[in-house]
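Visitor: You'll find my_file.csv just under this line, and it carries CSV, C-alpha atoms.
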chain,number,residue,atom,x,y,z
C,1,MET,CA,0.0,0.0,0.0
C,2,PHE,CA,1.3,3.5,-0.9
C,3,LEU,CA,0.5,6.5,1.3
C,4,PHE,CA,0.8,10.0,-0.1
C,5,ARG,CA,-0.8,13.4,0.1
C,6,VAL,CA,-3.1,14.6,-2.7
C,7,GLY,CA,-1.3,16.7,-5.1
C,8,SER,CA,2.1,15.3,-4.1
C,9,ALA,CA,4.4,14.0,-6.9
C,10,ILE,CA,5.5,10.4,-7.2
C,11,ASP,CA,8.7,9.3,-8.8
C,12,VAL,CA,7.6,6.2,-10.6
C,13,ASN,CA,11.2,5.0,-10.9
C,14,SER,CA,11.4,4.8,-7.2
C,15,VAL,CA,8.4,2.4,-6.8
C,16,GLU,CA,9.5,-1.1,-5.8
C,17,TYR,CA,7.4,-4.2,-6.1
C,18,SER,CA,7.7,-7.9,-5.4
C,19,GLU,CA,5.8,-11.2,-5.9
C,20,VAL,CA,3.6,-9.7,-8.6
C,21,ARG,CA,0.7,-12.1,-9.4
C,22,HIS,CA,-1.9,-12.2,-12.2
C,23,ILE,CA,-5.5,-11.9,-11.1
C,24,GLY,CA,-7.6,-10.4,-14.0
C,25,ALA,CA,-8.2,-13.4,-16.3
C,26,GLU,CA,-8.3,-15.6,-13.2
C,27,THR,CA,-11.2,-13.6,-11.9
C,28,LEU,CA,-13.2,-14.2,-15.1
C,29,GLY,CA,-12.4,-17.9,-14.9
C,30,VAL,CA,-13.7,-18.2,-11.4
C,31,HIS,CA,-16.8,-16.2,-12.3
C,32,ALA,CA,-17.4,-18.6,-15.2
C,33,ALA,CA,-16.9,-21.6,-13.0
C,34,ILE,CA,-19.4,-20.2,-10.5
C,35,GLN,CA,-22.0,-19.6,-13.3
C,36,LEU,CA,-21.5,-23.1,-14.5
C,37,LYS,CA,-21.8,-24.5,-11.0
C,38,LEU,CA,-18.6,-26.4,-11.5
C,39,GLU,CA,-17.7,-26.9,-7.8
C,40,PRO,CA,-21.1,-28.4,-6.8
C,41,LEU,CA,-20.8,-30.7,-9.9
C,42,LEU,CA,-17.3,-31.9,-8.8
C,43,LYS,CA,-18.5,-32.4,-5.2
C,44,LYS,CA,-21.4,-34.4,-6.6
C,45,LEU,CA,-18.9,-36.6,-8.4
C,46,GLY,CA,-17.0,-37.3,-5.1
C,47,PHE,CA,-14.3,-34.6,-5.1
C,48,ASN,CA,-13.5,-33.3,-1.6
C,49,GLN,CA,-12.8,-29.6,-1.1
C,50,LYS,CA,-9.0,-29.9,-1.7
C,51,LYS,CA,-9.6,-31.8,-5.0
C,52,CYS,CA,-12.2,-29.3,-6.1
C,53,HIS,CA,-9.7,-26.4,-5.6
C,54,LEU,CA,-7.0,-28.4,-7.5
C,55,ALA,CA,-9.4,-29.3,-10.3
C,56,MET,CA,-10.6,-25.8,-10.8
C,57,ALA,CA,-7.0,-24.5,-10.6
C,58,SER,CA,-6.0,-27.0,-13.3
C,59,ILE,CA,-9.0,-26.1,-15.6
C,60,ILE,CA,-8.7,-22.3,-15.1
C,61,GLY,CA,-4.9,-22.5,-15.4
C,62,ARG,CA,-5.1,-24.2,-18.7
C,63,LEU,CA,-7.7,-21.6,-19.8
C,64,VAL,CA,-5.5,-18.6,-18.9
C,65,ALA,CA,-2.1,-20.0,-19.6
C,66,PRO,CA,-2.3,-23.2,-21.7
C,67,GLY,CA,0.6,-25.6,-21.2
C,68,SER,CA,1.7,-28.9,-19.7
C,69,GLU,CA,1.1,-30.0,-16.1
C,70,ALA,CA,4.6,-28.7,-15.3
C,71,SER,CA,3.9,-25.4,-16.9
C,72,THR,CA,0.5,-25.1,-15.1
C,73,HIS,CA,2.3,-25.9,-11.8
C,74,ARG,CA,4.8,-23.1,-12.4
C,75,TYR,CA,2.1,-20.7,-13.4
C,76,LEU,CA,0.0,-21.3,-10.3
C,77,THR,CA,2.8,-21.3,-7.8
C,78,ASP,CA,4.9,-18.4,-9.2
C,79,GLN,CA,2.7,-16.2,-11.3
C,80,SER,CA,-1.0,-16.4,-10.4
C,81,ALA,CA,-3.2,-15.3,-7.5
C,82,LEU,CA,-5.9,-17.8,-8.3
C,83,ASP,CA,-5.3,-19.6,-5.0
C,84,GLU,CA,-6.4,-16.4,-3.2
C,85,LEU,CA,-9.5,-16.2,-5.3
C,86,LEU,CA,-10.4,-19.8,-4.4
C,87,GLY,CA,-9.6,-19.3,-0.7
C,88,THR,CA,-6.6,-21.7,-0.6
C,89,SER,CA,-2.9,-21.7,-1.1
C,90,PHE,CA,-0.8,-23.3,-3.9
C,91,THR,CA,2.6,-22.3,-2.4
C,92,ASP,CA,3.6,-25.9,-1.4
C,93,LEU,CA,1.6,-27.6,-4.2
C,94,SER,CA,3.4,-30.7,-5.7
C,95,GLN,CA,3.5,-31.0,-9.5
C,96,LYS,CA,2.4,-34.6,-9.1
C,97,ASN,CA,-1.0,-33.4,-7.9
C,98,PHE,CA,-1.8,-32.1,-11.4
C,99,TYR,CA,-1.2,-35.5,-13.0
C,100,LYS,CA,-3.5,-37.1,-10.4
C,101,ILE,CA,-6.3,-34.6,-10.7
C,102,ALA,CA,-6.1,-34.8,-14.5
C,103,ASP,CA,-6.8,-38.6,-14.2
C,104,ASP,CA,-9.7,-37.9,-11.8
C,105,LEU,CA,-11.3,-35.5,-14.2
C,106,LEU,CA,-10.8,-37.9,-17.1
C,107,LYS,CA,-12.6,-40.6,-15.2
C,108,HIS,CA,-15.7,-38.4,-15.1
C,109,LYS,CA,-15.3,-36.7,-18.5
C,110,GLU,CA,-18.7,-37.7,-19.9
C,111,GLN,CA,-20.6,-36.6,-16.8
C,112,ILE,CA,-18.8,-33.3,-16.6
C,113,GLU,CA,-19.2,-32.5,-20.4
C,114,ARG,CA,-22.9,-33.4,-20.2
C,115,ALA,CA,-23.6,-31.4,-17.1
C,116,LEU,CA,-21.7,-28.3,-18.3
C,117,PHE,CA,-23.5,-28.3,-21.6
C,118,ASN,CA,-26.9,-28.7,-20.0
C,119,ARG,CA,-26.0,-25.7,-17.7
C,120,GLU,CA,-24.9,-23.7,-20.7
C,121,LYS,CA,-28.2,-24.4,-22.5
C,122,THR,CA,-30.0,-23.1,-19.5
C,123,LEU,CA,-27.8,-20.0,-19.1
C,124,PHE,CA,-28.0,-18.9,-22.7
C,125,SER,CA,-31.3,-20.5,-23.8
C,126,LEU,CA,-29.5,-22.5,-26.5
C,127,ASN,CA,-31.4,-24.4,-29.1
C,128,GLN,CA,-29.7,-27.5,-30.7
C,129,ILE,CA,-30.4,-26.5,-34.2
C,130,ILE,CA,-27.0,-27.0,-35.7
C,131,THR,CA,-24.3,-29.5,-34.7
C,132,LEU,CA,-20.7,-28.8,-35.8
C,133,TYR,CA,-18.2,-31.7,-35.9
C,134,ASP,CA,-14.5,-31.9,-36.8
C,135,ILE,CA,-11.5,-33.8,-35.8
C,136,THR,CA,-7.8,-33.0,-35.6
C,137,ASN,CA,-4.6,-34.6,-34.3
C,138,THR,CA,-1.5,-33.8,-32.3
C,139,TYR,CA,1.9,-35.6,-32.1
C,140,PHE,CA,4.2,-36.8,-29.4
C,141,GLU,CA,7.9,-36.0,-29.6
C,142,GLY,CA,8.8,-39.3,-27.9
C,143,ARG,CA,7.8,-42.9,-28.7
C,144,ALA,CA,4.7,-42.8,-26.3
C,145,LEU,CA,4.9,-46.6,-25.9
C,146,GLN,CA,2.6,-46.6,-22.9
C,147,ASN,CA,-0.2,-44.9,-24.8
C,148,ILE,CA,-2.1,-47.5,-26.9
C,149,LYS,CA,-3.9,-44.7,-28.8
C,150,ALA,CA,-0.6,-43.2,-30.0
C,151,GLN,CA,-0.3,-44.5,-33.5
C,152,HIS,CA,1.3,-43.3,-36.7
C,153,GLY,CA,-1.0,-41.7,-39.3
C,154,ARG,CA,-1.4,-38.6,-41.4
C,155,SER,CA,-0.4,-35.6,-39.2
C,156,LYS,CA,-2.1,-32.3,-39.8
C,157,GLU,CA,1.0,-30.6,-38.4
C,158,LYS,CA,3.2,-32.4,-41.0
C,159,ARG,CA,4.7,-34.7,-38.3
C,160,SER,CA,3.7,-38.1,-39.6
C,161,ASP,CA,7.1,-39.3,-38.4
C,162,CYS,CA,5.8,-39.1,-34.8
C,163,PRO,CA,3.0,-41.1,-33.0
C,164,LEU,CA,-0.3,-39.3,-33.0
C,165,VAL,CA,-3.6,-39.1,-31.2
C,166,SER,CA,-6.8,-37.7,-32.8
C,167,MET,CA,-9.3,-35.5,-31.1
C,168,GLY,CA,-12.9,-35.1,-32.1
C,169,LEU,CA,-15.1,-32.2,-31.0
C,170,VAL,CA,-18.8,-31.6,-31.3
C,171,LEU,CA,-20.0,-28.0,-31.0
C,172,ASP,CA,-23.4,-26.3,-31.2
C,173,SER,CA,-24.0,-23.3,-33.5
C,174,SER,CA,-22.9,-20.9,-30.7
C,175,GLY,CA,-19.5,-22.6,-30.3
C,176,PHE,CA,-20.3,-24.3,-27.0
C,177,PRO,CA,-18.6,-27.8,-26.8
C,178,GLN,CA,-21.1,-30.7,-26.4
C,179,ARG,CA,-18.8,-33.7,-26.5
C,180,SER,CA,-15.2,-34.5,-27.1
C,181,GLY,CA,-13.4,-37.8,-27.9
C,182,ILE,CA,-9.9,-39.1,-28.1
C,183,PHE,CA,-9.1,-41.6,-30.9
C,184,PRO,CA,-6.0,-43.5,-32.1
C,185,GLY,CA,-3.8,-41.4,-34.4
C,186,ASN,CA,-4.4,-43.7,-37.3
C,187,VAL,CA,-8.2,-43.6,-37.0
C,188,SER,CA,-10.3,-43.2,-40.2
C,189,GLU,CA,-11.9,-39.8,-39.6
C,190,PRO,CA,-15.2,-40.6,-41.4
C,191,LYS,CA,-15.8,-43.6,-39.2
C,192,THR,CA,-15.8,-41.4,-36.0
C,193,LEU,CA,-18.9,-39.5,-37.1
C,194,SER,CA,-21.6,-42.0,-36.2
C,195,GLN,CA,-19.8,-42.9,-33.0
C,196,MET,CA,-19.7,-39.3,-31.7
C,197,LEU,CA,-23.3,-38.5,-32.7
C,198,GLU,CA,-24.6,-41.6,-31.1
C,199,GLN,CA,-22.7,-40.9,-27.9
C,200,LEU,CA,-24.0,-37.4,-28.0
C,201,GLU,CA,-27.6,-38.5,-28.6
C,202,ALA,CA,-27.8,-35.7,-31.1
C,203,LYS,CA,-31.4,-34.7,-32.0
C,204,THR,CA,-32.4,-35.8,-35.4
C,205,ASP,CA,-34.0,-32.4,-36.1
C,206,ALA,CA,-30.5,-30.8,-35.7
C,207,THR,CA,-28.5,-30.0,-38.8
C,208,ILE,CA,-25.1,-31.7,-38.9
C,209,VAL,CA,-22.3,-29.5,-40.4
C,210,MET,CA,-19.0,-31.2,-41.4
C,211,ASP,CA,-16.3,-30.8,-43.9
C,212,ALA,CA,-15.4,-32.9,-46.9
C,213,GLY,CA,-13.3,-35.3,-44.8
C,214,PHE,CA,-16.4,-36.9,-43.4
C,215,ALA,CA,-18.4,-36.9,-46.7
C,216,SER,CA,-18.0,-40.6,-47.4
C,217,GLU,CA,-21.0,-42.4,-49.1
C,218,GLU,CA,-21.3,-44.5,-46.0
C,219,ASN,CA,-21.6,-41.4,-43.7
C,220,VAL,CA,-24.1,-39.7,-45.9
C,221,GLN,CA,-26.2,-42.8,-46.1
C,222,TRP,CA,-26.0,-43.2,-42.3
C,223,LEU,CA,-27.2,-39.6,-41.8
C,224,GLN,CA,-30.1,-40.2,-44.2
C,225,GLU,CA,-31.1,-43.5,-42.7
C,226,ASN,CA,-31.1,-41.9,-39.2
C,227,ASN,CA,-33.1,-38.9,-40.4
C,228,TYR,CA,-30.4,-36.2,-39.8
C,229,HIS,CA,-30.3,-33.0,-41.8
C,230,TYR,CA,-26.8,-32.3,-42.9
C,231,ILE,CA,-24.6,-29.7,-44.7
C,232,VAL,CA,-21.3,-31.1,-46.1
C,233,VAL,CA,-18.8,-30.3,-48.8
C,234,SER,CA,-19.2,-33.1,-51.3
C,235,ARG,CA,-16.1,-35.1,-52.3
C,236,GLN,CA,-17.6,-35.6,-55.8
C,237,ALA,CA,-17.5,-33.2,-58.7
C,238,THR,CA,-20.7,-31.1,-59.2
C,239,PRO,CA,-23.1,-33.3,-61.2
C,240,PRO,CA,-23.9,-32.0,-64.7
C,241,LEU,CA,-27.2,-30.0,-65.0
C,242,ASP,CA,-29.9,-31.7,-66.9
C,243,ASP,CA,-31.9,-30.0,-69.6
C,244,SER,CA,-34.6,-28.9,-67.2
C,245,ALA,CA,-32.2,-27.2,-64.8
C,246,GLU,CA,-31.5,-23.5,-64.9
C,247,LYS,CA,-27.9,-22.6,-65.0
C,248,ILE,CA,-27.0,-19.7,-62.7
C,249,LEU,CA,-24.1,-17.5,-63.6
Take the structure in the file and give it back as structure tokens.

Guide:
Amino acid sequence: MFLFRVGSAIDVNSVEYSEVRHIGAETLGVHAAIQLKLEPLLKKLGFNQKKCHLAMASIIGRLVAPGSEASTHRYLTDQSALDELLGTSFTDLSQKNFYKIADDLLKHKEQIERALFNREKTLFSLNQIITLYDITNTYFEGRALQNIKAQHGRSKEKRSDCPLVSMGLVLDSSGFPQRSGIFPGNVSEPKTLSQMLEQLEAKTDATIVMDAGFASEENVQWLQENNYHYIVVSRQATPPLDDSAEKIL
């Protein structure tokens, strides 16, 4: 705290500070977590208070400063005041805690995703009119021998020399995530579509939007058989217009 008289001059070069911590983006993250009722959800899933704080720190930390568990640990212990906002302390927090809480969150992934999206639908009065689906992949620098889903395939980052994992994401028209999935790096992308939509229990009156990578004949037929509306870039050339069709220039 600085004490000075009104009208007095301050030499900014003389001001000293220490242990500066970020708090702005963290405040927004905590507010969002409160609006989504994240802590009550975690407690309902069996998380105690300590694990709730750690889980929220891991989630908000990845949101504010994306990185590895080691990076998140450094951010929370050296740079952020998130612990003060949560009413706890991360000063003596072990890095191993972040690996353990990530495993705990993964165990309840489906329940968490479903509950959060249902809460978002309530908060923002969302209508599931359009469902967007896409898939990407990322690579491991090492051999990743302990990860059975790490397989060689076509890398979208031009690193097909490395083992990959693929990640599928289903969004609504407002950009809110509905469901995510992790697949082997060599998965056939079109074959993941029906699996993700069935898990999502997507309404058949929703319009499915996807790129040409999913526009296999099998997928289009599956969408039609299951009464889905869909928008997709066709893999085929535009069919020739017949004599009765009007050509638009």

Visitor: In file coordinates, which residues lie within 12 Å of (-11.5, -14.7, -16.7) using only C-alpha atoms, given as a short mmCIF file (atom, residue, chain, number, x, y, z; two decimals) with C-alpha atoms, in the frame of the given file?

Guide:
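File out_20.cif, as written:
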data_model
loop_
_atom_site.label_atom_id
_atom_site.label_comp_id
_atom_site.auth_asym_id
_atom_site.auth_seq_id
_atom_site.Cartn_x
_atom_site.Cartn_y
_atom_site.Cartn_z
CA HIS C 22 -1.90 -12.20 -12.20
CA ILE C 23 -5.50 -11.90 -11.10
CA GLY C 24 -7.60 -10.40 -14.00
CA ALA C 25 -8.20 -13.40 -16.30
CA GLU C 26 -8.30 -15.60 -13.20
CA THR C 27 -11.20 -13.60 -11.90
CA LEU C 28 -13.20 -14.20 -15.10
CA GLY C 29 -12.40 -17.90 -14.90
CA VAL C 30 -13.70 -18.20 -11.40
CA HIS C 31 -16.80 -16.20 -12.30
CA ALA C 32 -17.40 -18.60 -15.20
CA ALA C 33 -16.90 -21.60 -13.00
CA ILE C 34 -19.40 -20.20 -10.50
CA ILE C 59 -9.00 -26.10 -15.60
CA ILE C 60 -8.70 -22.30 -15.10
CA GLY C 61 -4.90 -22.50 -15.40
CA ARG C 62 -5.10 -24.20 -18.70
CA LEU C 63 -7.70 -21.60 -19.80
CA VAL C 64 -5.50 -18.60 -18.90
CA ALA C 65 -2.10 -20.00 -19.60
CA LEU C 82 -5.90 -17.80 -8.30
CA LEU C 85 -9.50 -16.20 -5.30
#

Visitor: Please list as a ChimeraX atom specification every residue within 6 Å of stretch 133-138 of chain C, counting all atoms listed in the file and excluding residues in the same chain fewer than 2 positions away.

Guide: /C:164-170,210

Visitor: Just want the 9 Å neighbourhood of C:Asn219, counted on all atoms listed in the file, with same-chain residues fewer than 3 positions away dropped. Output as a PyMOL selection string.

Guide: chain C and resi 190-191+193-194+214-216+222-224

Visitor: Between C:Val20, C:Leu105, C:Val187, C:Leu126, single out the one closest to C:Phe47, counting all atoms listed in the file.

Guide: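 Nearest candidate to C:Phe47 out of C:Val20, C:Leu105, C:Val187, C:Leu126: C:Leu105.
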
Visitor: In Å, rounded to a single decimal, give me how far atom CA of C:Val220 is from atom CA of C:Arg114.

Guide: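 It comes out at 26.5 Å.
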
Visitor: Show me, as a ChimeraX atom specification, the residues that have an atom within 9 Å of C:Asp172 when counting all atoms listed in the file, minus same-chain residues fewer than 3 positions from it.

Guide: /C:126-133,175-178

Visitor: Those residues with C-alpha atoms, as a compact mmCIF listing (two decimals), in the coordinates of the input please?

Guide:
# COMPACT_ATOMS: atom_id res chain seq x y z
CA LEU C 126 -29.50 -22.50 -26.50
CA ASN C 127 -31.40 -24.40 -29.10
CA GLN C 128 -29.70 -27.50 -30.70
CA ILE C 129 -30.40 -26.50 -34.20
CA ILE C 130 -27.00 -27.00 -35.70
CA THR C 131 -24.30 -29.50 -34.70
CA LEU C 132 -20.70 -28.80 -35.80
CA TYR C 133 -18.20 -31.70 -35.90
CA GLY C 175 -19.50 -22.60 -30.30
CA PHE C 176 -20.30 -24.30 -27.00
CA PRO C 177 -18.60 -27.80 -26.80
CA GLN C 178 -21.10 -30.70 -26.40

Visitor: So which residues are close to (-10.5, -28.9, -1.2), meaning at most 10 Å away in the file's coordinates with only C-alpha atoms counted, and can you show them as an MDAnalysis selection string?

Guide: chainID C and resid 39 43 47:55 86:88

Visitor: Can you work out which one of C:Lys96, C:Arg159, C:His108, C:Arg143 has the shortest atom-to-atom distance to C:Leu41, counting all atoms listed in the file?

Guide: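 Once distances to C:Leu41 are computed over all atoms listed in the file, the minimum belongs to C:His108.
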
Visitor: Would you mind reading off the distance between atom CA of C:Tyr99 and atom CA of C:Ser180, one decimal, in Å?

Guide: 19.9 Å

Visitor: Do you have the atom CA of C:Glu110-atom CA of C:Lys149 distance handy?

Guide: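 So the two atoms, atom CA of C:Glu110 and atom CA of C:Lys149, lie 18.6 Å apart.
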
Visitor: Considering all atoms listed in the file, can you say which of C:Asn186, C:Asn13, C:Asn97, C:Ser174 comes closest to C:Cys162?

Guide: C:Asn186

Visitor: Of the candidates C:Phe98, C:Asp92, C:Asn147, C:Gln221, which shows the shortest atom-to-atom distance to C:His73, using only C-alpha atoms?

Guide: C:Phe98

Visitor: Taking all atoms listed in the file into account, which of C:Ser80, C:Ser160, C:Thr207, C:Ser14 comes nearest C:Ser173?

Guide: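 Of C:Ser80, C:Ser160, C:Thr207, C:Ser14, the one nearest C:Ser173 is C:Thr207, counting all atoms listed in the file.
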
Visitor: From the list C:Asp78, C:Gln199, C:Ser234, C:Asn227, which residue is nearest C:Gly213 when using all atoms listed in the file?

Guide: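 Answer, going by the shortest atom-to-atom distance: C:Ser234.
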
Visitor: Could you rebuild stretch 57-68 of chain C with all heavy atoms and give it back as a PDB file, in the coordinates of the input?

Guide:
ATOM      1  N   ALA C  57      -8.274 -25.177 -10.327  1.00  0.00           N
ATOM      2  CA  ALA C  57      -7.000 -24.500 -10.600  1.00  0.00           C
ATOM      3  C   ALA C  57      -6.425 -25.092 -11.939  1.00  0.00           C
ATOM      4  O   ALA C  57      -5.901 -24.338 -12.775  1.00  0.00           O
ATOM      5  CB  ALA C  57      -6.007 -24.761  -9.499  1.00  0.00           C
ATOM      6  N   SER C  58      -6.537 -26.385 -12.128  1.00  0.00           N
ATOM      7  CA  SER C  58      -6.000 -27.000 -13.300  1.00  0.00           C
ATOM      8  C   SER C  58      -6.799 -26.540 -14.568  1.00  0.00           C
ATOM      9  O   SER C  58      -6.217 -26.196 -15.608  1.00  0.00           O
ATOM     10  CB  SER C  58      -6.118 -28.538 -13.224  1.00  0.00           C
ATOM     11  OG  SER C  58      -5.653 -29.168 -14.394  1.00  0.00           O
ATOM     12  N   ILE C  59      -8.131 -26.476 -14.451  1.00  0.00           N
ATOM     13  CA  ILE C  59      -9.000 -26.100 -15.600  1.00  0.00           C
ATOM     14  C   ILE C  59      -8.775 -24.597 -15.907  1.00  0.00           C
ATOM     15  O   ILE C  59      -8.552 -24.224 -17.068  1.00  0.00           O
ATOM     16  CB  ILE C  59     -10.455 -26.350 -15.252  1.00  0.00           C
ATOM     17  CG1 ILE C  59     -10.692 -27.862 -15.138  1.00  0.00           C
ATOM     18  CG2 ILE C  59     -11.365 -25.753 -16.318  1.00  0.00           C
ATOM     19  CD1 ILE C  59     -12.047 -28.226 -14.562  1.00  0.00           C
ATOM     20  N   ILE C  60      -8.848 -23.744 -14.893  1.00  0.00           N
ATOM     21  CA  ILE C  60      -8.700 -22.300 -15.100  1.00  0.00           C
ATOM     22  C   ILE C  60      -7.268 -21.975 -15.553  1.00  0.00           C
ATOM     23  O   ILE C  60      -7.036 -21.115 -16.408  1.00  0.00           O
ATOM     24  CB  ILE C  60      -9.103 -21.503 -13.877  1.00  0.00           C
ATOM     25  CG1 ILE C  60     -10.591 -21.729 -13.580  1.00  0.00           C
ATOM     26  CG2 ILE C  60      -8.822 -20.019 -14.057  1.00  0.00           C
ATOM     27  CD1 ILE C  60     -11.065 -21.141 -12.255  1.00  0.00           C
ATOM     28  N   GLY C  61      -6.299 -22.681 -14.978  1.00  0.00           N
ATOM     29  CA  GLY C  61      -4.900 -22.500 -15.400  1.00  0.00           C
ATOM     30  C   GLY C  61      -4.668 -22.790 -16.822  1.00  0.00           C
ATOM     31  O   GLY C  61      -3.971 -22.042 -17.526  1.00  0.00           O
ATOM     32  N   ARG C  62      -5.254 -23.890 -17.310  1.00  0.00           N
ATOM     33  CA  ARG C  62      -5.100 -24.200 -18.700  1.00  0.00           C
ATOM     34  C   ARG C  62      -5.841 -23.224 -19.614  1.00  0.00           C
ATOM     35  O   ARG C  62      -5.454 -22.992 -20.759  1.00  0.00           O
ATOM     36  CB  ARG C  62      -5.685 -25.632 -18.981  1.00  0.00           C
ATOM     37  CG  ARG C  62      -4.928 -26.765 -18.303  1.00  0.00           C
ATOM     38  CD  ARG C  62      -3.524 -26.914 -18.863  1.00  0.00           C
ATOM     39  NE  ARG C  62      -2.821 -28.023 -18.271  1.00  0.00           N
ATOM     40  CZ  ARG C  62      -2.822 -29.262 -18.755  1.00  0.00           C
ATOM     41  NH1 ARG C  62      -3.520 -29.536 -19.841  1.00  0.00           N
ATOM     42  NH2 ARG C  62      -2.141 -30.218 -18.160  1.00  0.00           N
ATOM     43  N   LEU C  63      -6.908 -22.644 -19.089  1.00  0.00           N
ATOM     44  CA  LEU C  63      -7.700 -21.600 -19.800  1.00  0.00           C
ATOM     45  C   LEU C  63      -6.853 -20.348 -19.986  1.00  0.00           C
ATOM     46  O   LEU C  63      -6.774 -19.763 -21.074  1.00  0.00           O
ATOM     47  CB  LEU C  63      -8.987 -21.353 -19.155  1.00  0.00           C
ATOM     48  CG  LEU C  63      -9.857 -20.241 -19.746  1.00  0.00           C
ATOM     49  CD1 LEU C  63     -10.384 -20.647 -21.110  1.00  0.00           C
ATOM     50  CD2 LEU C  63     -11.018 -19.916 -18.803  1.00  0.00           C
ATOM     51  N   VAL C  64      -6.254 -19.913 -18.886  1.00  0.00           N
ATOM     52  CA  VAL C  64      -5.500 -18.600 -18.900  1.00  0.00           C
ATOM     53  C   VAL C  64      -4.143 -18.758 -19.480  1.00  0.00           C
ATOM     54  O   VAL C  64      -3.703 -17.895 -20.254  1.00  0.00           O
ATOM     55  CB  VAL C  64      -5.436 -18.085 -17.429  1.00  0.00           C
ATOM     56  CG1 VAL C  64      -4.615 -16.806 -17.400  1.00  0.00           C
ATOM     57  CG2 VAL C  64      -6.820 -17.849 -16.850  1.00  0.00           C
ATOM     58  N   ALA C  65      -3.438 -19.833 -19.135  1.00  0.00           N
ATOM     59  CA  ALA C  65      -2.100 -20.000 -19.600  1.00  0.00           C
ATOM     60  C   ALA C  65      -1.872 -21.457 -20.047  1.00  0.00           C
ATOM     61  O   ALA C  65      -1.339 -22.279 -19.299  1.00  0.00           O
ATOM     62  CB  ALA C  65      -1.065 -19.664 -18.489  1.00  0.00           C
ATOM     63  N   PRO C  66      -2.332 -21.802 -21.252  1.00  0.00           N
ATOM     64  CA  PRO C  66      -2.300 -23.200 -21.700  1.00  0.00           C
ATOM     65  C   PRO C  66      -0.859 -23.738 -21.711  1.00  0.00           C
ATOM     66  O   PRO C  66       0.095 -23.044 -22.085  1.00  0.00           O
ATOM     67  CB  PRO C  66      -2.816 -23.095 -23.170  1.00  0.00           C
ATOM     68  CG  PRO C  66      -3.597 -21.823 -23.201  1.00  0.00           C
ATOM     69  CD  PRO C  66      -2.922 -20.890 -22.256  1.00  0.00           C
ATOM     70  N   GLY C  67      -0.731 -24.978 -21.264  1.00  0.00           N
ATOM     71  CA  GLY C  67       0.600 -25.600 -21.200  1.00  0.00           C
ATOM     72  C   GLY C  67       0.503 -26.971 -20.580  1.00  0.00           C
ATOM     73  O   GLY C  67      -0.577 -27.490 -20.301  1.00  0.00           O
ATOM     74  N   SER C  68       1.638 -27.566 -20.342  1.00  0.00           N
ATOM     75  CA  SER C  68       1.700 -28.900 -19.700  1.00  0.00           C
ATOM     76  C   SER C  68       1.400 -28.798 -18.241  1.00  0.00           C
ATOM     77  O   SER C  68       1.220 -27.707 -17.679  1.00  0.00           O
ATOM     78  CB  SER C  68       3.125 -29.451 -19.913  1.00  0.00           C
ATOM     79  OG  SER C  68       4.069 -28.638 -19.216  1.00  0.00           O
TER      80      SER C  68
END
